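Data block for my_file.pdb (PDB, C-alpha atoms):
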ATOM      1  CA  MET A  91    -102.594 -57.262  22.875
ATOM      2  CA  THR A  92    -100.166 -59.719  21.334
ATOM      3  CA  ARG A  93     -96.831 -60.508  22.885
ATOM      4  CA  LYS A  94     -94.893 -59.244  19.876
ATOM      5  CA  THR A  95     -96.138 -55.676  20.416
ATOM      6  CA  ALA A  96     -95.403 -55.571  24.141
ATOM      7  CA  ALA A  97     -92.102 -53.736  23.708
ATOM      8  CA  HIS A  98     -93.469 -51.075  21.367
ATOM      9  CA  VAL A  99     -94.790 -47.721  22.481
ATOM     10  CA  GLY A 100     -98.540 -47.517  21.832
ATOM     11  CA  VAL A 101    -100.228 -44.701  19.912
ATOM     12  CA  VAL A 102    -103.581 -43.092  20.764
ATOM     13  CA  ILE A 103    -105.340 -40.683  18.397
ATOM     14  CA  VAL A 104    -107.819 -38.208  19.946
ATOM     15  CA  SER A 105    -109.852 -36.025  17.603
ATOM     16  CA  HIS A 106    -113.048 -33.992  18.015
ATOM     17  CA  SER A 107    -114.405 -36.083  15.151
ATOM     18  CA  SER A 108    -114.656 -39.880  15.213
ATOM     19  CA  LYS A 109    -114.211 -39.861  11.428
ATOM     20  CA  VAL A 110    -110.960 -37.903  11.649
ATOM     21  CA  ALA A 111    -109.706 -40.196  14.422
ATOM     22  CA  GLU A 112    -110.621 -43.325  12.510
ATOM     23  CA  GLY A 113    -109.186 -41.986   9.245
ATOM     24  CA  ALA A 114    -105.897 -41.055  10.876
ATOM     25  CA  ALA A 115    -105.733 -44.545  12.426
ATOM     26  CA  ASP A 116    -106.407 -46.111   8.999
ATOM     27  CA  MET A 117    -103.452 -44.178   7.577
ATOM     28  CA  VAL A 118    -101.189 -45.329  10.403
ATOM     29  CA  ARG A 119    -102.212 -48.956   9.880
ATOM     30  CA  GLN A 120    -101.637 -48.796   6.139
ATOM     31  CA  MET A 121     -98.310 -46.964   6.335
ATOM     32  CA  VAL A 122     -96.822 -48.566   9.445
ATOM     33  CA  GLY A 123     -98.593 -51.921   9.779
ATOM     34  CA  ASP A 124     -99.856 -53.514  12.953
ATOM     35  CA  THR A 125     -96.755 -53.984  15.095
ATOM     36  CA  VAL A 126     -97.659 -50.905  17.133
ATOM     37  CA  PRO A 127    -100.660 -50.948  19.493
ATOM     38  CA  LEU A 128    -103.032 -48.290  18.163
ATOM     39  CA  ALA A 129    -106.308 -46.899  19.482
ATOM     40  CA  PHE A 130    -108.433 -43.926  18.497
ATOM     41  CA  THR A 131    -111.377 -41.987  19.847
ATOM     42  CA  GLY A 132    -113.389 -39.014  18.631
ATOM     43  CA  GLY A 133    -116.593 -37.235  19.532
ATOM     44  CA  ASN A 134    -118.243 -36.336  22.820
ATOM     45  CA  ALA A 135    -120.347 -38.592  25.035
ATOM     46  CA  ASP A 136    -123.467 -37.746  22.977
ATOM     47  CA  GLY A 137    -121.837 -38.685  19.670
ATOM     48  CA  GLY A 138    -121.396 -35.051  18.554
ATOM     49  CA  LEU A 139    -118.110 -33.296  17.816
ATOM     50  CA  GLY A 140    -115.928 -33.075  20.914
ATOM     51  CA  THR A 141    -113.809 -35.221  23.159
ATOM     52  CA  ASP A 142    -114.642 -37.431  26.103
ATOM     53  CA  VAL A 143    -112.300 -38.126  29.028
ATOM     54  CA  ALA A 144    -113.813 -41.565  29.708
ATOM     55  CA  ALA A 145    -113.330 -42.571  26.060
ATOM     56  CA  ILE A 146    -109.747 -41.277  26.100
ATOM     57  CA  LEU A 147    -109.020 -43.361  29.223
ATOM     58  CA  ALA A 148    -110.458 -46.419  27.463
ATOM     59  CA  ALA A 149    -108.316 -45.742  24.371
ATOM     60  CA  ILE A 150    -105.157 -45.442  26.499
ATOM     61  CA  ASP A 151    -106.071 -48.779  28.020
ATOM     62  CA  ARG A 152    -106.500 -50.420  24.596
ATOM     63  CA  ALA A 153    -103.130 -49.133  23.347
ATOM     64  CA  TRP A 154    -101.321 -49.707  26.631
ATOM     65  CA  THR A 155     -97.922 -51.378  26.677
ATOM     66  CA  PRO A 156     -95.208 -51.353  29.351
ATOM     67  CA  ALA A 157     -93.186 -49.133  26.975
ATOM     68  CA  GLY A 158     -95.833 -46.426  27.359
ATOM     69  CA  VAL A 159     -98.284 -44.578  25.129
ATOM     70  CA  VAL A 160     -98.139 -41.350  23.123
ATOM     71  CA  ILE A 161    -101.326 -39.371  22.450
ATOM     72  CA  LEU A 162    -101.856 -37.296  19.307
ATOM     73  CA  VAL A 163    -104.588 -34.644  19.516
ATOM     74  CA  ASP A 164    -106.251 -32.107  17.253
ATOM     75  CA  LEU A 165    -107.732 -28.894  18.713
ATOM     76  CA  GLY A 166    -107.646 -27.379  22.237
ATOM     77  CA  GLY A 167    -110.239 -29.469  24.051
ATOM     78  CA  ALA A 168    -108.674 -32.703  22.806
ATOM     79  CA  GLU A 169    -105.393 -31.666  24.397
ATOM     80  CA  THR A 170    -106.945 -30.488  27.677
ATOM     81  CA  ASN A 171    -109.130 -33.583  27.978
ATOM     82  CA  SER A 172    -106.182 -35.857  27.160
ATOM     83  CA  GLU A 173    -104.049 -34.199  29.846
ATOM     84  CA  MET A 174    -106.951 -34.610  32.272
ATOM     85  CA  ALA A 175    -107.213 -38.309  31.362
ATOM     86  CA  VAL A 176    -103.465 -38.808  31.912
ATOM     87  CA  GLU A 177    -103.756 -37.303  35.385
ATOM     88  CA  MET A 178    -106.595 -39.677  36.202
ATOM     89  CA  LEU A 179    -104.481 -42.759  35.402
ATOM     90  CA  ASP A 180    -103.001 -44.729  38.269
ATOM     91  CA  GLU A 181     -99.536 -43.618  39.324
ATOM     92  CA  LYS A 182     -97.692 -46.454  37.599
ATOM     93  CA  ARG A 183     -99.125 -45.570  34.201
ATOM     94  CA  ARG A 184     -99.263 -41.791  34.538
ATOM     95  CA  GLY A 185     -95.548 -41.250  33.964
ATOM     96  CA  ARG A 186     -95.577 -43.484  30.899
ATOM     97  CA  VAL A 187     -98.128 -41.540  28.836
ATOM     98  CA  ALA A 188     -97.203 -38.415  26.893
ATOM     99  CA  VAL A 189     -99.414 -35.963  24.986
ATOM    100  CA  CYS A 190     -97.525 -34.808  21.862
ATOM    101  CA  ASN A 191     -97.512 -31.270  20.557
ATOM    102  CA  ALA A 192     -97.728 -32.346  16.921
ATOM    103  CA  PRO A 193    -100.156 -32.322  13.992
ATOM    104  CA  ILE A 194    -102.554 -35.226  14.491
ATOM    105  CA  VAL A 195    -102.201 -37.156  11.212
ATOM    106  CA  GLU A 196     -98.516 -36.609  10.478
ATOM    107  CA  GLY A 197     -97.691 -36.940  14.174
ATOM    108  CA  ALA A 198     -99.492 -40.268  14.460
ATOM    109  CA  VAL A 199     -97.741 -41.699  11.397
ATOM    110  CA  ILE A 200     -94.281 -40.524  12.522
ATOM    111  CA  ALA A 201     -94.867 -41.663  16.104
ATOM    112  CA  ALA A 202     -96.031 -45.100  14.982
ATOM    113  CA  THR A 203     -93.106 -45.418  12.558
ATOM    114  CA  GLU A 204     -90.667 -44.561  15.342
ATOM    115  CA  ALA A 205     -92.468 -46.857  17.790
ATOM    116  CA  SER A 206     -92.404 -49.760  15.328
ATOM    117  CA  GLY A 207     -88.608 -49.590  15.403
ATOM    118  CA  GLY A 208     -88.669 -50.070  19.162
ATOM    119  CA  SER A 209     -87.777 -46.487  20.144
ATOM    120  CA  SER A 210     -88.378 -45.264  23.692
ATOM    121  CA  LEU A 211     -91.381 -43.156  24.715
ATOM    122  CA  GLU A 212     -89.187 -40.043  24.866
ATOM    123  CA  THR A 213     -87.823 -40.593  21.357
ATOM    124  CA  VAL A 214     -91.241 -41.321  19.866
ATOM    125  CA  LYS A 215     -92.605 -38.104  21.390
ATOM    126  CA  ARG A 216     -89.620 -36.033  20.249
ATOM    127  CA  MET A 217     -89.791 -37.275  16.654
ATOM    128  CA  ALA A 218     -93.508 -36.508  16.434
ATOM    129  CA  GLU A 219     -92.975 -33.058  17.907
ATOM    130  CA  GLU A 220     -90.262 -32.187  15.410
ATOM    131  CA  LEU A 221     -93.117 -31.746  12.948
ATOM    132  CA  SER A 222     -94.497 -28.816  14.939
ATOM    133  CA  PRO A 223     -93.611 -25.273  13.924
ATOM    134  CA  GLN A 224     -91.691 -23.589  16.725
TER     135      GLN A 224
ATOM    136  CA  MET B  29    -122.162 -26.225  56.199
ATOM    137  CA  ASP B  30    -125.308 -28.386  56.275
ATOM    138  CA  GLU B  31    -126.725 -30.599  53.567
ATOM    139  CA  ALA B  32    -129.559 -28.212  52.660
ATOM    140  CA  MET B  33    -127.077 -25.385  52.034
ATOM    141  CA  ARG B  34    -124.775 -27.590  49.948
ATOM    142  CA  LYS B  35    -127.767 -28.651  47.889
ATOM    143  CA  ARG B  36    -128.936 -25.061  47.476
ATOM    144  CA  LEU B  37    -125.539 -23.773  46.292
ATOM    145  CA  ILE B  38    -124.817 -26.578  43.830
ATOM    146  CA  GLU B  39    -128.361 -26.451  42.492
ATOM    147  CA  ALA B  40    -128.152 -22.662  42.017
ATOM    148  CA  MET B  41    -125.029 -23.038  39.860
ATOM    149  CA  ALA B  42    -126.520 -25.869  37.832
ATOM    150  CA  ARG B  43    -129.823 -24.080  37.235
ATOM    151  CA  THR B  44    -128.212 -20.856  36.057
ATOM    152  CA  VAL B  45    -125.994 -22.726  33.575
ATOM    153  CA  ILE B  46    -128.958 -24.715  32.246
ATOM    154  CA  THR B  47    -131.158 -21.592  32.019
ATOM    155  CA  HIS B  48    -128.460 -19.667  30.135
ATOM    156  CA  ALA B  49    -127.362 -22.550  27.886
ATOM    157  CA  GLU B  50    -128.727 -20.932  24.740
ATOM    158  CA  GLU B  51    -127.048 -17.580  25.494
ATOM    159  CA  LEU B  52    -123.692 -19.300  26.168
ATOM    160  CA  THR B  53    -123.938 -21.291  22.968
ATOM    161  CA  GLU B  54    -124.736 -18.138  21.010
ATOM    162  CA  LEU B  55    -121.674 -16.362  22.501
ATOM    163  CA  ASP B  56    -119.550 -19.372  21.610
ATOM    164  CA  ARG B  57    -120.974 -19.432  18.090
ATOM    165  CA  GLN B  58    -119.547 -15.930  17.594
ATOM    166  CA  ILE B  59    -115.953 -16.684  18.565
ATOM    167  CA  GLY B  60    -115.677 -20.414  19.260
ATOM    168  CA  ASP B  61    -117.202 -23.637  18.053
ATOM    169  CA  GLY B  62    -120.700 -23.002  19.382
ATOM    170  CA  ASP B  63    -120.908 -25.825  21.876
ATOM    171  CA  HIS B  64    -120.187 -24.170  25.223
ATOM    172  CA  GLY B  65    -123.809 -23.869  26.367
ATOM    173  CA  LEU B  66    -124.760 -27.379  25.263
ATOM    174  CA  ASN B  67    -121.659 -28.915  26.828
ATOM    175  CA  MET B  68    -122.122 -27.094  30.118
ATOM    176  CA  LYS B  69    -125.827 -27.973  30.157
ATOM    177  CA  ARG B  70    -125.035 -31.653  29.684
ATOM    178  CA  GLY B  71    -122.503 -31.498  32.520
ATOM    179  CA  PHE B  72    -124.752 -29.680  34.965
ATOM    180  CA  GLU B  73    -127.747 -31.876  34.178
ATOM    181  CA  ALA B  74    -125.543 -34.756  35.302
ATOM    182  CA  VAL B  75    -124.596 -32.726  38.406
ATOM    183  CA  LEU B  76    -128.309 -32.257  39.218
ATOM    184  CA  GLU B  77    -128.958 -35.951  38.704
ATOM    185  CA  ALA B  78    -126.221 -36.829  41.188
ATOM    186  CA  LEU B  79    -127.146 -33.987  43.565
ATOM    187  CA  PRO B  80    -128.983 -35.956  46.311
ATOM    188  CA  ALA B  81    -125.933 -38.190  46.776
ATOM    189  CA  THR B  82    -123.432 -35.345  46.281
ATOM    190  CA  ALA B  83    -125.070 -32.956  48.758
ATOM    191  CA  ALA B  84    -125.131 -35.667  51.435
ATOM    192  CA  LYS B  85    -121.322 -35.617  51.530
ATOM    193  CA  PRO B  86    -119.153 -33.104  53.409
ATOM    194  CA  LEU B  87    -118.381 -29.953  51.414
ATOM    195  CA  PRO B  88    -114.873 -30.962  50.216
ATOM    196  CA  GLU B  89    -116.132 -34.308  48.869
ATOM    197  CA  ALA B  90    -119.264 -32.707  47.415
ATOM    198  CA  LEU B  91    -117.190 -30.171  45.457
ATOM    199  CA  GLN B  92    -114.863 -32.877  44.187
ATOM    200  CA  GLY B  93    -117.908 -34.898  43.168
ATOM    201  CA  VAL B  94    -119.144 -31.951  41.082
ATOM    202  CA  GLY B  95    -115.659 -31.667  39.542
ATOM    203  CA  THR B  96    -115.498 -35.318  38.568
ATOM    204  CA  THR B  97    -118.967 -35.193  37.008
ATOM    205  CA  LEU B  98    -118.021 -32.131  34.948
ATOM    206  CA  VAL B  99    -114.773 -33.745  33.777
ATOM    207  CA  MET B 100    -116.596 -36.859  32.642
ATOM    208  CA  LYS B 101    -119.729 -35.268  31.146
ATOM    209  CA  VAL B 102    -119.054 -31.803  29.728
ATOM    210  CA  GLY B 103    -116.614 -32.668  26.924
ATOM    211  CA  GLY B 104    -114.925 -29.785  25.127
ATOM    212  CA  ALA B 105    -112.223 -27.803  26.886
ATOM    213  CA  SER B 106    -114.597 -26.434  29.521
ATOM    214  CA  GLY B 107    -115.072 -29.904  31.055
ATOM    215  CA  PRO B 108    -111.522 -30.344  32.325
ATOM    216  CA  LEU B 109    -111.213 -26.633  33.110
ATOM    217  CA  TYR B 110    -114.341 -26.392  35.278
ATOM    218  CA  GLY B 111    -113.733 -29.935  36.526
ATOM    219  CA  THR B 112    -110.234 -28.977  37.638
ATOM    220  CA  PHE B 113    -111.633 -25.863  39.344
ATOM    221  CA  PHE B 114    -114.068 -27.857  41.487
ATOM    222  CA  LEU B 115    -111.613 -30.690  42.179
ATOM    223  CA  ALA B 116    -108.999 -28.193  43.413
ATOM    224  CA  LEU B 117    -111.621 -26.192  45.342
ATOM    225  CA  GLY B 118    -112.749 -29.356  47.133
ATOM    226  CA  LYS B 119    -109.190 -30.345  47.959
ATOM    227  CA  THR B 120    -108.489 -27.039  49.713
ATOM    228  CA  MET B 121    -111.906 -26.111  51.152
ATOM    229  CA  PRO B 122    -112.707 -27.059  54.766
ATOM    230  CA  ASP B 123    -116.136 -28.457  55.614
ATOM    231  CA  THR B 124    -117.167 -25.175  57.251
ATOM    232  CA  PRO B 125    -115.411 -22.386  55.362
ATOM    233  CA  THR B 126    -114.789 -18.906  56.734
ATOM    234  CA  ALA B 127    -114.216 -15.888  54.488
ATOM    235  CA  ALA B 128    -110.464 -16.475  54.828
ATOM    236  CA  THR B 129    -110.458 -20.213  54.063
ATOM    237  CA  LEU B 130    -112.907 -19.687  51.205
ATOM    238  CA  ALA B 131    -110.544 -17.096  49.696
ATOM    239  CA  GLU B 132    -107.637 -19.493  50.085
ATOM    240  CA  ALA B 133    -109.488 -22.415  48.465
ATOM    241  CA  PHE B 134    -110.767 -20.217  45.632
ATOM    242  CA  ALA B 135    -107.238 -18.949  44.955
ATOM    243  CA  ALA B 136    -105.904 -22.515  44.853
ATOM    244  CA  ALA B 137    -108.648 -23.508  42.401
ATOM    245  CA  VAL B 138    -107.830 -20.537  40.161
ATOM    246  CA  GLU B 139    -104.153 -21.562  40.125
ATOM    247  CA  ALA B 140    -105.196 -25.089  39.116
ATOM    248  CA  VAL B 141    -107.252 -23.699  36.208
ATOM    249  CA  LYS B 142    -104.258 -21.615  35.081
ATOM    250  CA  ALA B 143    -102.087 -24.737  35.061
ATOM    251  CA  ARG B 144    -104.698 -26.858  33.270
ATOM    252  CA  GLY B 145    -105.325 -24.247  30.571
ATOM    253  CA  LYS B 146    -101.695 -23.043  30.443
ATOM    254  CA  SER B 147    -103.217 -19.597  30.622
ATOM    255  CA  GLN B 148    -103.509 -16.492  32.736
ATOM    256  CA  ALA B 149    -105.684 -13.404  33.095
ATOM    257  CA  GLY B 150    -105.788 -11.025  30.120
ATOM    258  CA  GLN B 151    -106.208 -13.714  27.452
ATOM    259  CA  LYS B 152    -110.005 -13.514  27.133
ATOM    260  CA  THR B 153    -110.927 -16.625  29.110
ATOM    261  CA  MET B 154    -112.766 -17.643  32.279
ATOM    262  CA  LEU B 155    -109.631 -16.573  34.173
ATOM    263  CA  ASP B 156    -110.524 -12.953  33.444
ATOM    264  CA  VAL B 157    -113.442 -13.474  35.831
ATOM    265  CA  LEU B 158    -111.858 -15.924  38.283
ATOM    266  CA  VAL B 159    -108.690 -13.898  38.939
ATOM    267  CA  PRO B 160    -110.390 -10.584  39.886
ATOM    268  CA  VAL B 161    -112.982 -12.472  41.960
ATOM    269  CA  ALA B 162    -110.143 -14.229  43.830
ATOM    270  CA  ALA B 163    -108.650 -10.803  44.544
ATOM    271  CA  VAL B 164    -111.941  -9.492  45.996
ATOM    272  CA  LEU B 165    -112.254 -12.625  48.159
ATOM    273  CA  SER B 166    -108.670 -12.290  49.400
ATOM    274  CA  ALA B 167    -109.163  -8.638  50.327
ATOM    275  CA  GLY B 168    -112.259  -9.620  52.351
ATOM    276  CA  GLY B 169    -114.265  -6.996  54.260
ATOM    277  CA  GLU B 170    -117.907  -5.993  54.516
ATOM    278  CA  GLY B 171    -120.557  -6.876  51.942
ATOM    279  CA  LEU B 172    -118.266  -9.461  50.358
ATOM    280  CA  GLY B 173    -121.016 -11.369  48.553
ATOM    281  CA  THR B 174    -122.404  -8.261  46.873
ATOM    282  CA  ARG B 175    -118.964  -7.116  45.765
ATOM    283  CA  VAL B 176    -118.004 -10.580  44.477
ATOM    284  CA  ARG B 177    -121.226 -10.725  42.484
ATOM    285  CA  SER B 178    -120.781  -7.366  40.810
ATOM    286  CA  GLN B 179    -117.065  -7.921  40.216
ATOM    287  CA  ALA B 180    -117.778 -11.253  38.484
ATOM    288  CA  LEU B 181    -120.420  -9.818  36.146
ATOM    289  CA  ALA B 182    -118.363  -6.703  35.359
ATOM    290  CA  ALA B 183    -115.200  -8.738  34.748
ATOM    291  CA  ALA B 184    -117.021 -10.956  32.228
ATOM    292  CA  GLU B 185    -118.281  -7.835  30.443
ATOM    293  CA  ALA B 186    -114.689  -6.534  30.392
ATOM    294  CA  THR B 187    -113.598  -9.454  28.178
ATOM    295  CA  ARG B 188    -115.499  -7.866  25.270
ATOM    296  CA  PRO B 189    -112.679  -5.562  24.057
ATOM    297  CA  MET B 190    -109.992  -8.183  24.707
ATOM    298  CA  LYS B 191    -108.174 -10.108  22.002
ATOM    299  CA  ALA B 192    -108.237 -13.855  22.573
ATOM    300  CA  ILE B 193    -104.835 -15.427  23.130
ATOM    301  CA  ARG B 194    -105.862 -18.836  24.486
ATOM    302  CA  GLY B 195    -108.648 -21.193  23.487
ATOM    303  CA  ARG B 196    -110.507 -21.608  20.220
ATOM    304  CA  ALA B 197    -111.218 -17.887  19.906
ATOM    305  CA  SER B 198    -107.468 -17.235  19.580
ATOM    306  CA  PHE B 199    -107.692 -18.589  16.008
ATOM    307  CA  LEU B 200    -109.733 -15.485  15.225
ATOM    308  CA  GLY B 201    -107.081 -13.082  16.562
ATOM    309  CA  GLU B 202    -108.296  -9.497  16.070
ATOM    310  CA  ARG B 203    -111.755 -10.722  15.078
ATOM    311  CA  SER B 204    -112.334 -11.987  18.619
ATOM    312  CA  ILE B 205    -112.397  -8.355  19.782
ATOM    313  CA  GLY B 206    -115.896  -7.045  20.498
ATOM    314  CA  HIS B 207    -117.351 -10.353  21.677
ATOM    315  CA  LEU B 208    -118.020 -11.453  25.233
ATOM    316  CA  ASP B 209    -116.018 -14.551  26.147
ATOM    317  CA  PRO B 210    -118.408 -17.496  26.754
ATOM    318  CA  GLY B 211    -116.241 -19.057  29.484
ATOM    319  CA  ALA B 212    -115.963 -15.736  31.311
ATOM    320  CA  ARG B 213    -119.725 -15.336  31.062
ATOM    321  CA  SER B 214    -120.480 -18.843  32.393
ATOM    322  CA  SER B 215    -118.041 -18.316  35.287
ATOM    323  CA  ALA B 216    -119.713 -15.005  36.173
ATOM    324  CA  LEU B 217    -123.197 -16.538  36.000
ATOM    325  CA  MET B 218    -122.214 -19.347  38.360
ATOM    326  CA  ILE B 219    -120.512 -17.015  40.837
ATOM    327  CA  ALA B 220    -123.498 -14.639  40.786
ATOM    328  CA  ALA B 221    -125.883 -17.556  41.349
ATOM    329  CA  VAL B 222    -123.909 -18.723  44.383
ATOM    330  CA  CYS B 223    -123.888 -15.179  45.820
ATOM    331  CA  ASP B 224    -127.668 -14.949  45.304
ATOM    332  CA  ALA B 225    -128.218 -18.341  46.944
ATOM    333  CA  ILE B 226    -126.156 -17.321  49.964
ATOM    334  CA  GLY B 227    -128.378 -14.275  50.148
ATOM    335  CA  ALA B 228    -125.693 -11.733  49.450
TER     336      ALA B 228
END

Hey, can you dump this file as structure tokens for me?
Amino acid sequence: MTRKTAAHVGVVIVSHSSKVAEGAADMVRQMVGDTVPLAFTGGNADGGLGTDVAAILAAIDRAWTPAGVVILVDLGGAETNSEMAVEMLDEKRRGRVAVCNAPIVEGAVIAATEASGGSSLETVKRMAEELSPQ
Amino acid sequence: MDEAMRKRLIEAMARTVITHAEELTELDRQIGDGDHGLNMKRGFEAVLEALPATAAKPLPEALQGVGTTLVMKVGGASGPLYGTFFLALGKTMPDTPTAATLAEAFAAAVEAVKARGKSQAGQKTMLDVLVPVAAVLSAGGEGLGTRVRSQALAAAEATRPMKAIRGRASFLGERSIGHLDPGARSSALMIAAVCDAIGA
């Protein structure tokens, strides 16, 4: 983590597929640059499709900044496992991590764009979630 | 509750999940993503591996140990759901449960699963087994184990005509009707195995 990113909200991408997670992260990097701390994880502990709480915790750690972290997820289990991971964080971090109800690719790009401008955790989450159909 | 009993109960749950892994995966293939049996098997194999150490602990800690292992090993949505169930059960369960304190702990665990899954009974999920079983436990009375066992198995069967509203099967909408819910089935199998191990 470089000092220049310390004020920016971090972005974590959690997909059932490591390829989807990595691809979404590639798009964020290309479209937004590298001012925002970004981490991704995909696949279960055996390397198959799925999500893994331990890997999600590690990704939150990689993207961590004092400004907080937003998590973008794909299908059901990614959301449930991400929420589980957030609850397992220590108390100081727990309140600074938000799982977004947003499409994973578009949400990650919008969130990172917003975060790169120095927006707060709440604003980053809200902007990403505006993409979701009500 | 002594160590031998803790070992017997946890092992009974693990063995039934592992034995029925193929059936659970097949059910999940029909209305989900076909990984429920494999995921649960992976989780409960890890539970068996940790069993000597887990069973040596008092019941509340042992149950929470099972929960943590499931959270970390199962993957998929069933990991945090079953993990949350056992974590909450362990938090509320005394070391030597009575019928009343068991009912109370079970009810608390069911509430935790509802919160984790943002779901409730009637949506074709494991809750369609857990909620009616909690009701039987709360009512108490004679032959509790036998009634819990049959309620669990019948409640899983009753998910067949339901339309899925939560979970992966909800993507199928009407097409989920006519299939047994894999999570309801795995819940029923585990509850039945515990009843059998108690000797109900």

Hey, can I get the axis-aligned box for segment 180-191 of chain B? All listed atoms, 6 Å padding on each side, centre and edge lengths in Å to one decimal, as AutoDock Vina command-line options.
--center_x -114.3 --center_y -8.4 --center_z 30.2 --size_x 24.2 --size_y 17.7 --size_z 28.5

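Counting all atoms listed in the file and comparing B:Ala197, B:Arg213, B:Arg175, B:Leu155, the residue that lies closest to chain A is B:Ala197.
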
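Considering all atoms listed in the file, the residue among A:Thr141, A:Ser105, A:Thr213, A:Thr155 positioned nearest to chain B is A:Thr141.
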
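Distances to chain B were evaluated for A:Val176, A:Ala115, A:Val122, A:Ala153 using all atoms listed in the file, and the minimum falls at A:Val176.
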
**Request:** Show me which bits of chain A are within 8 Å of chain B, counting only C-alpha atoms, as a PyMOL selection string.
**Result:** chain A and resi 134-135+140-144+165-168+170-171+174

**Message:** Going by the chain IDs and residue numbers used in this file, which residues fall under the PyMOL selection byres ((chain B and resi 91) around 8)? Write them as a list in words.
**Reply:** Leu87, Pro88, Glu89, Ala90, Gln92, Gly93, Val94, Gly95, Phe114, Leu115, Leu117 and Gly118 of chain B

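This file gives the following result for the PyMOL selection byres ((chain A and resi 190-192) around 10): Val160, Ile161, Leu162, Val163, Asp164, Glu169, Val187, Ala188, Val189, Pro193, Ile194, Val195, Glu196, Gly197, Ala198, Ile200, Ala201, Val214, Lys215, Arg216, Met217, Ala218, Glu219, Glu220, Leu221, Ser222 and Pro223 of chain A.
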